[in-house]
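See below for the structure under consideration.
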Amino acid sequence: MVDLSIGTPCDPPPPEVVAALAGSGTERGYPASIGSTAYRRAATEWLIHRLGAEVDQVAACVGTKEFVATTPQWMKLRRPDRDTVLYPAISYPTYEMGAILAGCRPVAVPTDDQWRLRLDAIDPADADRALMLWVNSPGNPAGQLDDLSAAAAWGRERGVPVFSDECYAEFTWDGPPRSILQAGSEGVVAVHSLSKRSNLAGVRAGFYAGDGELVTYLSEVRKHVGMMVAGPVQAAAVVALGDQDHVEAQRELYRARLERFAKILEAVGVGVELPAGGFYLWARAEGDVASATDAAPDAGGTDGAGSNPATAAWALTDRLAAEGGVLVSPGEFYGRAGSGHIRAAMVAPMESLDLVASRLGV
Ligand SMILES: Cc1ncc(COP(=O)(O)O)c(C=O)c1O
């Protein structure tokens with residue numbers, strides 16, 4: 001089975017980064033929760049030079065999933081009068097989960113026909129109750145690029161902090177990488193990860209940066225729950241952030257795989273556009289003629305292929321697994337509006353994609 005269902009990198013990080021993990025001498029002491037001076041400096045320099053960001057404060061997080069999942073509870077502590085977490089209707093599931101874990105109301109913000117956040121569709125009553133807004137650009141799963149300065153302006157007008165998950169920024173295909181911090185840091189926090197940029201998902205290195213008051217508040221609370229990035233991990237991340245060559249090489253790998261797998265899907269009758277960013281293909285499954293009766297039982301109906309978008313997506317997932325030996329994810333994992341799509345992560349080497357092509361006879 002070629003597993004394209006999870007965005008877990010398959011390529012190695014640079015050897016110097018792995019060597020730094022073993023040679024920092026930081027093992028015996030507790031690391032500062034906010035991050036070492038060297039780590040915060042490396043993150044700040046990368047944000048400024050690569051993304052043109054304005055950085056007021058920066059602090060470390062243990063990869064970004066924990067930050068996404070826990071920030072609503074800390075924000076709720078800061079503003080008990082607010083109870084609503086806004087997040088894109090098609091998105092990484094942890095935005096909704098973080099709201100649930102904090103006992104907040106998760107409210108999905110609709111997206112347009114290109115999967116971009118529709119700020120104009122946010123109900124003013126929800127905006128009044130909003131604790132925070134999540135944006136994610138380039139987006140997982142659809143690869144869209146959002147107007148981040150519009151999101152920052154929306155939040156500033158309403159006093160709602162905007163958190164911008166930018167972990168796919170290096171894999172921006174339509175133009176240069178973007179950050180919400182290009183529009184200033186007031187009221188906004190950009191969230192970054194080394195997991196995708198430098199193939200370091202296994203070591204858990206992330207950081208968040210932006211509004212000084214917000215970052216300081218969060219870093220103060222987080223230190224009391226022991227959120228610390230291991231010292232050797234920080235040392236390795238400093239080396240990774242200082243090198244852009246491995247990122248350029250990685251970009252080429254993802255680009256080539258996106259193009260190759262899009263052609264494979266097209267050859268089996270699944271139309272797909274290349275994303276504006278990220279390393280996922282987000283393909284429409286509706287109309288797929290495979291047997292819908294094999295679809296997952298809870299997929300929402302078994303009344304014929306294509307008549308139910310979720311059924312078509314499960315049927316396509318099933319068909320690709322059975323005929324191509326390749327695992328993709330049904331789009332409903334990322335929100336109901338994605339139920340007619342599948343997501344394929346380009347996290348397998350080209351030889352594996354070639355193998356899938358040969359199994360599918362294309
Ligand atoms: C949009 C998005 N945000 C955050 C993460 C979490 O990444 P990590 O915790 O490795 O930094 C992922 C992982 O797939 C993601 O897709």
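In the structure tokens, each chain is lettered A, B, ... as it comes, each chain's residues begin at 1, and ligands are numbered from 1 in order of appearance.
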Do you know which residues are at most 6 Å from stretch 82-91 of chain A counting only C-alpha atoms, after dropping those on the same chain fewer than 2 positions away, and could you put them as a CSV table (one decimal) with C-alpha atoms, in the first residue's frame?
chain,number,residue,atom,x,y,z
A,79,ARG,CA,-11.5,36.3,27.9
A,80,PRO,CA,-14.1,34.3,29.8
A,93,PRO,CA,-9.6,19.0,12.1
A,99,ALA,CA,-12.5,24.5,20.5
A,104,CYS,CA,-16.0,26.5,23.4
A,105,ARG,CA,-18.4,26.7,20.4
A,106,PRO,CA,-16.6,25.7,17.2
A,107,VAL,CA,-18.2,27.7,14.4
A,108,ALA,CA,-17.1,26.9,10.8
A,109,VAL,CA,-16.6,29.8,8.5
A,110,PRO,CA,-17.8,29.0,5.0
A,129,ARG,CA,-18.8,36.1,20.7
A,130,ALA,CA,-15.5,35.2,19.0
A,131,LEU,CA,-12.5,34.4,21.1
A,132,MET,CA,-10.3,33.9,18.1
A,133,LEU,CA,-10.3,33.2,14.4
A,134,TRP,CA,-8.1,30.5,12.7
A,140,ASN,CA,-4.8,21.9,4.3
A,334,TYR,CA,-11.9,18.0,6.8
A,335,GLY,CA,-15.4,19.2,7.1
Per residue of chain A within 8 Å of ligand 1, what are the shortest atom pair and its distance in Å to one decimal, counting only C-alpha atoms and all ligand atoms, with rows by chain and residue number, as CSV?
residue,atom,partner,partner_atom_place_in_ligand_line,distance
A:Ile6,CA,ligand 1,14 (O),7.3
A:Gly7,CA,ligand 1,14 (O),5.2
A:Thr8,CA,ligand 1,14 (O),6.9
A:Val62,CA,ligand 1,9 (O),7.3
A:Gly63,CA,ligand 1,11 (O),3.8
A:Thr64,CA,ligand 1,11 (O),3.7
A:Lys65,CA,ligand 1,9 (O),3.6
A:Glu66,CA,ligand 1,9 (O),6.5
A:Phe67,CA,ligand 1,9 (O),7.9
A:Val68,CA,ligand 1,4 (C),7.0
A:Ser91,CA,ligand 1,1 (C),7.1
A:Tyr92,CA,ligand 1,1 (C),5.1
A:Thr94,CA,ligand 1,3 (N),7.8
A:Asn136,CA,ligand 1,1 (C),6.2
A:Gly139,CA,ligand 1,1 (C),6.4
A:Asn140,CA,ligand 1,1 (C),5.1
A:Pro141,CA,ligand 1,16 (O),7.5
A:Asp165,CA,ligand 1,3 (N),6.0
A:Glu166,CA,ligand 1,1 (C),7.4
A:Cys167,CA,ligand 1,3 (N),6.0
A:Tyr168,CA,ligand 1,1 (C),7.4
A:His192,CA,ligand 1,11 (O),7.0
A:Ser193,CA,ligand 1,11 (O),4.5
A:Leu194,CA,ligand 1,11 (O),6.6
A:Ser195,CA,ligand 1,10 (O),4.7
A:Lys196,CA,ligand 1,10 (O),7.1
A:Leu200,CA,ligand 1,10 (O),7.7
A:Ala201,CA,ligand 1,10 (O),4.8
A:Gly202,CA,ligand 1,10 (O),7.7
A:Arg204,CA,ligand 1,10 (O),6.2
A:Ala205,CA,ligand 1,11 (O),6.7
A:Gly206,CA,ligand 1,11 (O),5.8
Using DSSP assignments from the backbone, pull out every residue in stretch 161-264 of chain A that falls under strand (DSSP E) and give it to me as a ChimeraX atom specification.
/A:162-165,188-193,206-210
Write the residues of the selection above to a file with N, CA and C atoms, as a PDB file, in the first residue's frame.
ATOM      1  N   VAL A 162      -6.465  37.009  15.598  1.00  0.00           N
ATOM      2  CA  VAL A 162      -6.439  36.106  14.446  1.00  0.00           C
ATOM      3  C   VAL A 162      -5.170  35.267  14.519  1.00  0.00           C
ATOM      4  N   PHE A 163      -5.344  33.958  14.485  1.00  0.00           N
ATOM      5  CA  PHE A 163      -4.222  33.011  14.499  1.00  0.00           C
ATOM      6  C   PHE A 163      -4.080  32.426  13.106  1.00  0.00           C
ATOM      7  N   SER A 164      -2.905  32.591  12.541  1.00  0.00           N
ATOM      8  CA  SER A 164      -2.681  32.195  11.159  1.00  0.00           C
ATOM      9  C   SER A 164      -1.710  31.022  11.122  1.00  0.00           C
ATOM     10  N   ASP A 165      -2.231  29.856  10.782  1.00  0.00           N
ATOM     11  CA  ASP A 165      -1.424  28.635  10.706  1.00  0.00           C
ATOM     12  C   ASP A 165      -0.749  28.627   9.340  1.00  0.00           C
ATOM     13  N   VAL A 188      -2.453  39.803  15.852  1.00  0.00           N
ATOM     14  CA  VAL A 188      -2.353  38.563  15.080  1.00  0.00           C
ATOM     15  C   VAL A 188      -1.156  37.736  15.530  1.00  0.00           C
ATOM     16  N   VAL A 189      -1.273  36.421  15.348  1.00  0.00           N
ATOM     17  CA  VAL A 189      -0.194  35.491  15.691  1.00  0.00           C
ATOM     18  C   VAL A 189      -0.030  34.523  14.522  1.00  0.00           C
ATOM     19  N   ALA A 190       1.187  34.424  14.009  1.00  0.00           N
ATOM     20  CA  ALA A 190       1.482  33.436  12.959  1.00  0.00           C
ATOM     21  C   ALA A 190       2.061  32.196  13.630  1.00  0.00           C
ATOM     22  N   VAL A 191       1.639  31.032  13.153  1.00  0.00           N
ATOM     23  CA  VAL A 191       2.050  29.765  13.762  1.00  0.00           C
ATOM     24  C   VAL A 191       2.850  28.977  12.720  1.00  0.00           C
ATOM     25  N   HIS A 192       4.072  28.590  13.106  1.00  0.00           N
ATOM     26  CA  HIS A 192       4.960  27.931  12.141  1.00  0.00           C
ATOM     27  C   HIS A 192       5.527  26.634  12.687  1.00  0.00           C
ATOM     28  N   SER A 193       5.899  25.769  11.754  1.00  0.00           N
ATOM     29  CA  SER A 193       6.363  24.432  12.107  1.00  0.00           C
ATOM     30  C   SER A 193       7.567  24.056  11.253  1.00  0.00           C
ATOM     31  N   GLY A 206       8.182  23.846  16.654  1.00  0.00           N
ATOM     32  CA  GLY A 206       7.331  24.881  16.080  1.00  0.00           C
ATOM     33  C   GLY A 206       7.559  26.187  16.816  1.00  0.00           C
ATOM     34  N   PHE A 207       6.965  27.239  16.313  1.00  0.00           N
ATOM     35  CA  PHE A 207       7.017  28.514  17.025  1.00  0.00           C
ATOM     36  C   PHE A 207       5.832  29.374  16.613  1.00  0.00           C
ATOM     37  N   TYR A 208       5.533  30.336  17.449  1.00  0.00           N
ATOM     38  CA  TYR A 208       4.444  31.266  17.147  1.00  0.00           C
ATOM     39  C   TYR A 208       4.965  32.671  17.381  1.00  0.00           C
ATOM     40  N   ALA A 209       4.486  33.598  16.568  1.00  0.00           N
ATOM     41  CA  ALA A 209       5.093  34.929  16.566  1.00  0.00           C
ATOM     42  C   ALA A 209       4.051  35.971  16.214  1.00  0.00           C
ATOM     43  N   GLY A 210       4.271  37.163  16.712  1.00  0.00           N
ATOM     44  CA  GLY A 210       3.389  38.266  16.330  1.00  0.00           C
ATOM     45  C   GLY A 210       3.149  39.200  17.486  1.00  0.00           C
TER      46      GLY A 210
END
With only C-alpha atoms as the basis for distance, which of A:Leu258, A:Cys61, A:Leu218, A:Leu181 is at the shortest distance from A:Gly278?
A:Leu258
Find the spatial neighbours of stretch 250-256 of chain A, counting only C-alpha atoms, within a cut-off of 7 Å - ignore same-chain residues fewer than 3 positions away - and output them as a PDB file with C-alpha atoms, in the first residue's frame.
ATOM      1  CA  PHE A 171       5.304  25.332  -0.305  1.00  0.00           C
ATOM      2  CA  HIS A 246      17.151  21.800   1.512  1.00  0.00           C
ATOM      3  CA  VAL A 247      13.814  23.616   1.313  1.00  0.00           C
ATOM      4  CA  GLU A 259       2.229  17.038 -11.183  1.00  0.00           C
ATOM      5  CA  ARG A 260       2.792  13.292 -11.532  1.00  0.00           C
ATOM      6  CA  PHE A 279       1.569  19.381  -0.906  1.00  0.00           C
ATOM      7  CA  MET A 346       2.511  13.822  -1.817  1.00  0.00           C
TER       8      MET A 346
END
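Of the listed residues A:Val270, A:Ala150, A:Val221, A:Val2, the one whose atoms come nearest to A:Leu117 is A:Ala150, with distances taken using only C-alpha atoms.
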Expressed in Å to a single decimal, how great is the separation between atom CA of A:Ala348 and atom CA of A:Tyr280?
11.7 Å
Quick one: contact table of stretch 210-327 of chain A to stretch 28-32 of chain A, 9 Å max, nearest atom pair and distance in Å to one decimal per residue, counting only C-alpha atoms, chain and number order, as CSV?
residue,atom,partner,partner_atom,distance
A:Lys223,CA,A:Ala32,CA,8.3
A:Met228,CA,A:Pro31,CA,6.4
A:Val229,CA,A:Pro31,CA,6.9
A:Ala230,CA,A:Pro31,CA,6.3
A:Gly231,CA,A:Pro31,CA,5.5
A:Gln234,CA,A:Pro31,CA,9.0
Can those selected residues be exported to a file as a CSV table (one decimal), in the first residue's frame so that it contains C-alpha atoms?
chain,number,residue,atom,x,y,z
A,223,LYS,CA,5.2,27.5,30.7
A,228,MET,CA,8.9,22.9,26.4
A,229,VAL,CA,10.7,22.0,23.2
A,230,ALA,CA,13.6,19.7,24.0
A,231,GLY,CA,17.0,21.5,23.9
A,234,GLN,CA,15.8,23.5,19.4
Go through stretch 196-294 of chain A residue by residue and, counting only C-alpha atoms, keep those with an atom at most 7 Å from stretch 41-44 of chain A; for each kept residue give the shortest atom pair and its distance in Å to one decimal, ordered by chain and increasing number, as a Markdown table.
| residue | atom | partner | partner_atom | distance |
| --- | --- | --- | --- | --- |
| A:Val238 | CA | A:Ala42 | CA | 5.7 |
| A:Leu241 | CA | A:Ala42 | CA | 6.2 |
| A:Gly242 | CA | A:Ala42 | CA | 6.9 |
Next, dump the selected residues to file, keeping only N, CA and C atoms, as a PDB file, in the first residue's frame.
ATOM      1  N   VAL A 238      17.522  25.302  14.866  1.00  0.00           N
ATOM      2  CA  VAL A 238      18.319  26.492  14.520  1.00  0.00           C
ATOM      3  C   VAL A 238      19.100  26.219  13.228  1.00  0.00           C
ATOM      4  N   LEU A 241      16.642  26.134  10.274  1.00  0.00           N
ATOM      5  CA  LEU A 241      16.135  27.460   9.876  1.00  0.00           C
ATOM      6  C   LEU A 241      17.193  28.282   9.155  1.00  0.00           C
ATOM      7  N   GLY A 242      18.455  27.959   9.420  1.00  0.00           N
ATOM      8  CA  GLY A 242      19.539  28.706   8.776  1.00  0.00           C
ATOM      9  C   GLY A 242      19.854  28.213   7.378  1.00  0.00           C
TER      10      GLY A 242
END
Tell me which protein, DNA and RNA residues are within 12 Å of A:Ala283, counting only C-alpha atoms, leaving out same-chain ones fewer than 2 positions away, and put them as a ChimeraX atom specification.
/A:141-143,258,261-266,269-275,280-281,285-288,312-313,316-317,328-331,338-345
Output of the above residues as a tab-separated table (two decimals), in the first residue's frame, restricted to C-alpha atoms:
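Dumped everything to out38.tsv:
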chain	number	residue	atom	x	y	z
A	141	PRO	CA	-6.53	20.14	2.50
A	142	ALA	CA	-7.46	22.36	-0.45
A	143	GLY	CA	-4.22	24.27	-1.00
A	258	LEU	CA	1.95	16.87	-7.41
A	261	PHE	CA	-0.09	12.22	-9.29
A	262	ALA	CA	-2.45	14.75	-10.85
A	263	LYS	CA	-1.75	13.11	-14.21
A	264	ILE	CA	-2.33	9.65	-12.72
A	265	LEU	CA	-5.68	10.75	-11.31
A	266	GLU	CA	-6.66	12.38	-14.59
A	269	GLY	CA	-11.00	9.90	-14.89
A	270	VAL	CA	-10.55	12.09	-11.81
A	271	GLY	CA	-10.12	15.74	-12.70
A	272	VAL	CA	-7.86	17.72	-10.38
A	273	GLU	CA	-6.18	21.12	-10.38
A	274	LEU	CA	-2.74	21.74	-8.96
A	275	PRO	CA	-2.97	23.59	-5.64
A	280	TYR	CA	-1.92	17.92	-1.21
A	281	LEU	CA	-4.05	17.17	-4.22
A	285	ALA	CA	-14.89	12.60	-6.54
A	286	GLU	CA	-18.46	13.36	-7.50
A	287	GLY	CA	-19.39	11.57	-10.66
A	288	ASP	CA	-16.83	8.87	-10.06
A	312	ALA	CA	-18.68	9.06	-4.20
A	313	ALA	CA	-15.59	10.10	-2.22
A	316	LEU	CA	-13.17	6.64	-5.11
A	317	THR	CA	-11.02	6.04	-2.00
A	328	VAL	CA	-6.04	8.66	0.13
A	329	SER	CA	-8.40	10.38	2.57
A	330	PRO	CA	-12.08	11.06	1.96
A	331	GLY	CA	-12.71	14.80	2.07
A	338	GLY	CA	-15.39	18.59	1.62
A	339	SER	CA	-17.36	15.39	1.44
A	340	GLY	CA	-17.31	15.20	-2.37
A	341	HIS	CA	-13.54	15.29	-2.53
A	342	ILE	CA	-10.51	13.19	-1.71
A	343	ARG	CA	-7.13	14.38	-0.45
A	344	ALA	CA	-3.84	12.84	-1.50
A	345	ALA	CA	-0.63	13.88	0.29
Pick out each residue of stretch 143-254 of chain A that DSSP on the backbone tags as helix (DSSP H, G or I); I need them as a VMD selection string.
chain A and resid 148 to 158 169 to 171 180 to 183 194 to 197 212 to 224 231 to 241 245 to 254
Resulting file, chosen residues, C-alpha atoms, as a PDB file, in the first residue's frame:
ATOM      1  CA  LEU A 148      -4.311  37.219   5.107  1.00  0.00           C
ATOM      2  CA  SER A 149      -4.266  40.996   5.357  1.00  0.00           C
ATOM      3  CA  ALA A 150      -8.074  40.977   5.054  1.00  0.00           C
ATOM      4  CA  ALA A 151      -8.206  38.445   7.903  1.00  0.00           C
ATOM      5  CA  ALA A 152      -5.933  40.641  10.027  1.00  0.00           C
ATOM      6  CA  ALA A 153      -8.102  43.681   9.286  1.00  0.00           C
ATOM      7  CA  TRP A 154     -11.289  41.733  10.100  1.00  0.00           C
ATOM      8  CA  GLY A 155      -9.878  40.770  13.491  1.00  0.00           C
ATOM      9  CA  ARG A 156      -8.535  44.231  14.303  1.00  0.00           C
ATOM     10  CA  GLU A 157     -11.849  45.883  13.504  1.00  0.00           C
ATOM     11  CA  ARG A 158     -13.632  43.560  15.926  1.00  0.00           C
ATOM     12  CA  ALA A 169       4.256  28.671   3.728  1.00  0.00           C
ATOM     13  CA  GLU A 170       7.436  27.319   2.128  1.00  0.00           C
ATOM     14  CA  PHE A 171       5.304  25.332  -0.305  1.00  0.00           C
ATOM     15  CA  ILE A 180      -0.227  37.437   8.120  1.00  0.00           C
ATOM     16  CA  LEU A 181       2.662  39.308   9.776  1.00  0.00           C
ATOM     17  CA  GLN A 182       3.308  41.096   6.486  1.00  0.00           C
ATOM     18  CA  ALA A 183       0.281  43.162   7.509  1.00  0.00           C
ATOM     19  CA  LEU A 194       9.598  22.760  11.089  1.00  0.00           C
ATOM     20  CA  SER A 195       7.656  19.537  10.457  1.00  0.00           C
ATOM     21  CA  LYS A 196       6.871  20.181   6.811  1.00  0.00           C
ATOM     22  CA  ARG A 197       9.533  22.748   5.953  1.00  0.00           C
ATOM     23  CA  GLY A 212       3.673  41.061  21.785  1.00  0.00           C
ATOM     24  CA  GLU A 213       0.849  41.000  24.304  1.00  0.00           C
ATOM     25  CA  LEU A 214      -0.681  37.792  22.920  1.00  0.00           C
ATOM     26  CA  VAL A 215       2.601  35.920  22.534  1.00  0.00           C
ATOM     27  CA  THR A 216       3.770  36.958  26.003  1.00  0.00           C
ATOM     28  CA  TYR A 217       0.435  35.968  27.565  1.00  0.00           C
ATOM     29  CA  LEU A 218       0.444  32.553  25.858  1.00  0.00           C
ATOM     30  CA  SER A 219       4.081  31.846  26.666  1.00  0.00           C
ATOM     31  CA  GLU A 220       3.475  32.700  30.336  1.00  0.00           C
ATOM     32  CA  VAL A 221       0.508  30.329  30.582  1.00  0.00           C
ATOM     33  CA  ARG A 222       2.133  27.598  28.549  1.00  0.00           C
ATOM     34  CA  LYS A 223       5.198  27.481  30.748  1.00  0.00           C
ATOM     35  CA  HIS A 224       3.025  26.439  33.698  1.00  0.00           C
ATOM     36  CA  GLY A 231      16.970  21.453  23.922  1.00  0.00           C
ATOM     37  CA  PRO A 232      18.509  19.195  21.258  1.00  0.00           C
ATOM     38  CA  VAL A 233      15.431  19.765  19.090  1.00  0.00           C
ATOM     39  CA  GLN A 234      15.815  23.522  19.373  1.00  0.00           C
ATOM     40  CA  ALA A 235      19.497  23.244  18.451  1.00  0.00           C
ATOM     41  CA  ALA A 236      18.622  21.175  15.386  1.00  0.00           C
ATOM     42  CA  ALA A 237      15.857  23.588  14.426  1.00  0.00           C
ATOM     43  CA  VAL A 238      18.319  26.492  14.520  1.00  0.00           C
ATOM     44  CA  VAL A 239      20.463  24.682  11.949  1.00  0.00           C
ATOM     45  CA  ALA A 240      17.407  23.874   9.828  1.00  0.00           C
ATOM     46  CA  LEU A 241      16.135  27.460   9.876  1.00  0.00           C
ATOM     47  CA  ASP A 245      18.858  24.894   0.130  1.00  0.00           C
ATOM     48  CA  HIS A 246      17.151  21.800   1.512  1.00  0.00           C
ATOM     49  CA  VAL A 247      13.814  23.616   1.313  1.00  0.00           C
ATOM     50  CA  GLU A 248      14.389  24.453  -2.343  1.00  0.00           C
ATOM     51  CA  ALA A 249      15.162  20.776  -3.022  1.00  0.00           C
ATOM     52  CA  GLN A 250      12.047  19.715  -1.121  1.00  0.00           C
ATOM     53  CA  ARG A 251       9.896  22.149  -3.082  1.00  0.00           C
ATOM     54  CA  GLU A 252      11.026  20.511  -6.316  1.00  0.00           C
ATOM     55  CA  LEU A 253      10.225  17.048  -4.995  1.00  0.00           C
ATOM     56  CA  TYR A 254       6.700  18.045  -3.951  1.00  0.00           C
TER      57      TYR A 254
END
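What separates atom CA of A:Asp112 from atom CA of A:Val347 is a distance of 27.4 Å.
Atom to atom, atom CA of A:Val356 and atom CA of A:Ala276 stand 24.4 Å apart.
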